[in-house]
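Here is the structure we will look at.
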Amino acid sequence: MKKEKIELDESCLIHLRGVRDAMSLLNGKWKAIIISHLYYTGKMRFMDLKRQVDGVAWLLKHYPKN
């Protein structure tokens, strides 16, 4: 079964470029975790944020993988 090529209009392509750019910015290992902490807690001092992220890193490291 051959897939049909879908033509997208210019406005759709502009939105897809924005999504692609956002995903490339959030592609780092810890960026999403740091941004989510700052989003939900608001302003945070660097060392407080580091403690929070280190706690998450410890959980990820010691959490049993399925």
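Letters for chains follow the order of the structure tokens (A, B, ...), residue numbers begin at 1 for each chain, and ligand numbers begin at 1 in the order shown.
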
Which residues are near Trp30 (chain A)? Cut-off 12 Å, only C-alpha atoms, ignore same chain within fewer than 3 positions. Put them as a PDB file with N, CA, C and O atoms, in the first residue's frame.
ATOM      1  N   LEU A  25      14.849  22.883  21.115  1.00  0.00           N
ATOM      2  CA  LEU A  25      15.323  23.564  22.322  1.00  0.00           C
ATOM      3  C   LEU A  25      15.201  22.679  23.554  1.00  0.00           C
ATOM      4  O   LEU A  25      16.026  22.731  24.453  1.00  0.00           O
ATOM      5  N   LEU A  26      14.155  21.872  23.626  1.00  0.00           N
ATOM      6  CA  LEU A  26      13.907  21.037  24.800  1.00  0.00           C
ATOM      7  C   LEU A  26      14.538  19.655  24.679  1.00  0.00           C
ATOM      8  O   LEU A  26      14.257  18.777  25.479  1.00  0.00           O
ATOM      9  N   ASN A  27      15.403  19.463  23.717  1.00  0.00           N
ATOM     10  CA  ASN A  27      15.952  18.148  23.447  1.00  0.00           C
ATOM     11  C   ASN A  27      17.006  17.711  24.456  1.00  0.00           C
ATOM     12  O   ASN A  27      17.362  16.560  24.501  1.00  0.00           O
ATOM     13  N   ILE A  33      12.980  18.884  32.638  1.00  0.00           N
ATOM     14  CA  ILE A  33      12.807  18.780  34.096  1.00  0.00           C
ATOM     15  C   ILE A  33      13.009  20.140  34.745  1.00  0.00           C
ATOM     16  O   ILE A  33      12.221  20.551  35.605  1.00  0.00           O
ATOM     17  N   ILE A  34      14.041  20.859  34.343  1.00  0.00           N
ATOM     18  CA  ILE A  34      14.324  22.177  34.920  1.00  0.00           C
ATOM     19  C   ILE A  34      13.206  23.154  34.593  1.00  0.00           C
ATOM     20  O   ILE A  34      12.717  23.879  35.471  1.00  0.00           O
ATOM     21  N   ILE A  35      12.753  23.174  33.346  1.00  0.00           N
ATOM     22  CA  ILE A  35      11.678  24.084  32.958  1.00  0.00           C
ATOM     23  C   ILE A  35      10.392  23.750  33.709  1.00  0.00           C
ATOM     24  O   ILE A  35       9.681  24.646  34.167  1.00  0.00           O
ATOM     25  N   SER A  36      10.087  22.471  33.872  1.00  0.00           N
ATOM     26  CA  SER A  36       8.860  22.109  34.597  1.00  0.00           C
ATOM     27  C   SER A  36       8.943  22.510  36.059  1.00  0.00           C
ATOM     28  O   SER A  36       7.961  22.979  36.644  1.00  0.00           O
ATOM     29  N   HIS A  37      10.109  22.355  36.693  1.00  0.00           N
ATOM     30  CA  HIS A  37      10.263  22.807  38.083  1.00  0.00           C
ATOM     31  C   HIS A  37      10.048  24.307  38.193  1.00  0.00           C
ATOM     32  O   HIS A  37       9.352  24.778  39.096  1.00  0.00           O
ATOM     33  N   LEU A  49      17.056  24.931  43.073  1.00  0.00           N
ATOM     34  CA  LEU A  49      16.738  24.216  41.840  1.00  0.00           C
ATOM     35  C   LEU A  49      17.676  23.028  41.649  1.00  0.00           C
ATOM     36  O   LEU A  49      17.235  21.931  41.293  1.00  0.00           O
ATOM     37  N   LYS A  50      18.952  23.215  41.948  1.00  0.00           N
ATOM     38  CA  LYS A  50      19.925  22.133  41.810  1.00  0.00           C
ATOM     39  C   LYS A  50      19.558  20.976  42.739  1.00  0.00           C
ATOM     40  O   LYS A  50      19.624  19.812  42.350  1.00  0.00           O
ATOM     41  N   GLN A  52      16.581  20.194  43.813  1.00  0.00           N
ATOM     42  CA  GLN A  52      15.388  19.547  43.262  1.00  0.00           C
ATOM     43  C   GLN A  52      15.754  18.619  42.096  1.00  0.00           C
ATOM     44  O   GLN A  52      15.297  17.494  42.029  1.00  0.00           O
ATOM     45  N   VAL A  53      16.574  19.108  41.190  1.00  0.00           N
ATOM     46  CA  VAL A  53      16.960  18.321  40.018  1.00  0.00           C
ATOM     47  C   VAL A  53      17.832  17.145  40.438  1.00  0.00           C
ATOM     48  O   VAL A  53      17.682  16.041  39.909  1.00  0.00           O
ATOM     49  N   ASP A  54      18.728  17.344  41.410  1.00  0.00           N
ATOM     50  CA  ASP A  54      19.547  16.234  41.898  1.00  0.00           C
ATOM     51  C   ASP A  54      18.679  15.150  42.513  1.00  0.00           C
ATOM     52  O   ASP A  54      18.952  13.962  42.362  1.00  0.00           O
ATOM     53  N   VAL A  56      15.630  14.400  41.576  1.00  0.00           N
ATOM     54  CA  VAL A  56      15.019  13.708  40.443  1.00  0.00           C
ATOM     55  C   VAL A  56      16.051  12.797  39.781  1.00  0.00           C
ATOM     56  O   VAL A  56      15.749  11.661  39.421  1.00  0.00           O
ATOM     57  N   ALA A  57      17.289  13.278  39.668  1.00  0.00           N
ATOM     58  CA  ALA A  57      18.344  12.464  39.061  1.00  0.00           C
ATOM     59  C   ALA A  57      18.574  11.196  39.875  1.00  0.00           C
ATOM     60  O   ALA A  57      18.742  10.111  39.320  1.00  0.00           O
ATOM     61  N   LEU A  60      15.673   8.786  39.200  1.00  0.00           N
ATOM     62  CA  LEU A  60      15.787   8.173  37.877  1.00  0.00           C
ATOM     63  C   LEU A  60      16.891   7.127  37.839  1.00  0.00           C
ATOM     64  O   LEU A  60      16.761   6.087  37.197  1.00  0.00           O
TER      65      LEU A  60
END

Next on the checklist: I need the residues of chain A that end up classed as helix (DSSP H, G or I) by DSSP on the backbone, written out as a PyMOL selection string.
Outcome noted: chain A and resi 10-25+31-41+46-62

Could you please take those selected residues and save C-alpha atoms as a short mmCIF file (atom, residue, chain, number, x, y, z; two decimals), in the first residue's frame?
data_model
loop_
_atom_site.label_atom_id
_atom_site.label_comp_id
_atom_site.auth_asym_id
_atom_site.auth_seq_id
_atom_site.Cartn_x
_atom_site.Cartn_y
_atom_site.Cartn_z
CA GLU A 10 1.79 27.77 4.36
CA SER A 11 0.06 28.55 7.68
CA CYS A 12 0.31 24.89 8.73
CA LEU A 13 4.00 24.79 7.80
CA ILE A 14 4.66 27.89 9.92
CA HIS A 15 3.09 26.21 12.98
CA LEU A 16 5.03 23.00 12.37
CA ARG A 17 8.29 24.96 12.20
CA GLY A 18 7.47 26.48 15.59
CA VAL A 19 6.86 23.04 17.09
CA ARG A 20 10.08 21.72 15.56
CA ASP A 21 12.07 24.66 16.95
CA ALA A 22 10.57 24.23 20.43
CA MET A 23 11.34 20.50 20.42
CA SER A 24 14.94 21.14 19.40
CA LEU A 25 15.32 23.56 22.32
CA LYS A 31 15.98 20.91 30.17
CA ALA A 32 12.40 19.66 30.40
CA ILE A 33 12.81 18.78 34.10
CA ILE A 34 14.32 22.18 34.92
CA ILE A 35 11.68 24.08 32.96
CA SER A 36 8.86 22.11 34.60
CA HIS A 37 10.26 22.81 38.08
CA LEU A 38 10.48 26.51 37.34
CA TYR A 39 7.02 26.54 35.78
CA TYR A 40 5.31 24.92 38.77
CA THR A 41 7.30 26.56 41.57
CA PHE A 46 19.95 28.21 41.73
CA MET A 47 20.99 25.94 44.63
CA ASP A 48 17.34 25.15 45.46
CA LEU A 49 16.74 24.22 41.84
CA LYS A 50 19.93 22.13 41.81
CA ARG A 51 18.75 20.22 44.90
CA GLN A 52 15.39 19.55 43.26
CA VAL A 53 16.96 18.32 40.02
CA ASP A 54 19.55 16.23 41.90
CA GLY A 55 16.67 14.55 43.75
CA VAL A 56 15.02 13.71 40.44
CA ALA A 57 18.34 12.46 39.06
CA TRP A 58 18.75 10.14 42.05
CA LEU A 59 15.22 8.77 41.58
CA LEU A 60 15.79 8.17 37.88
CA LYS A 61 19.10 6.48 38.55
CA HIS A 62 17.75 4.16 41.27
#
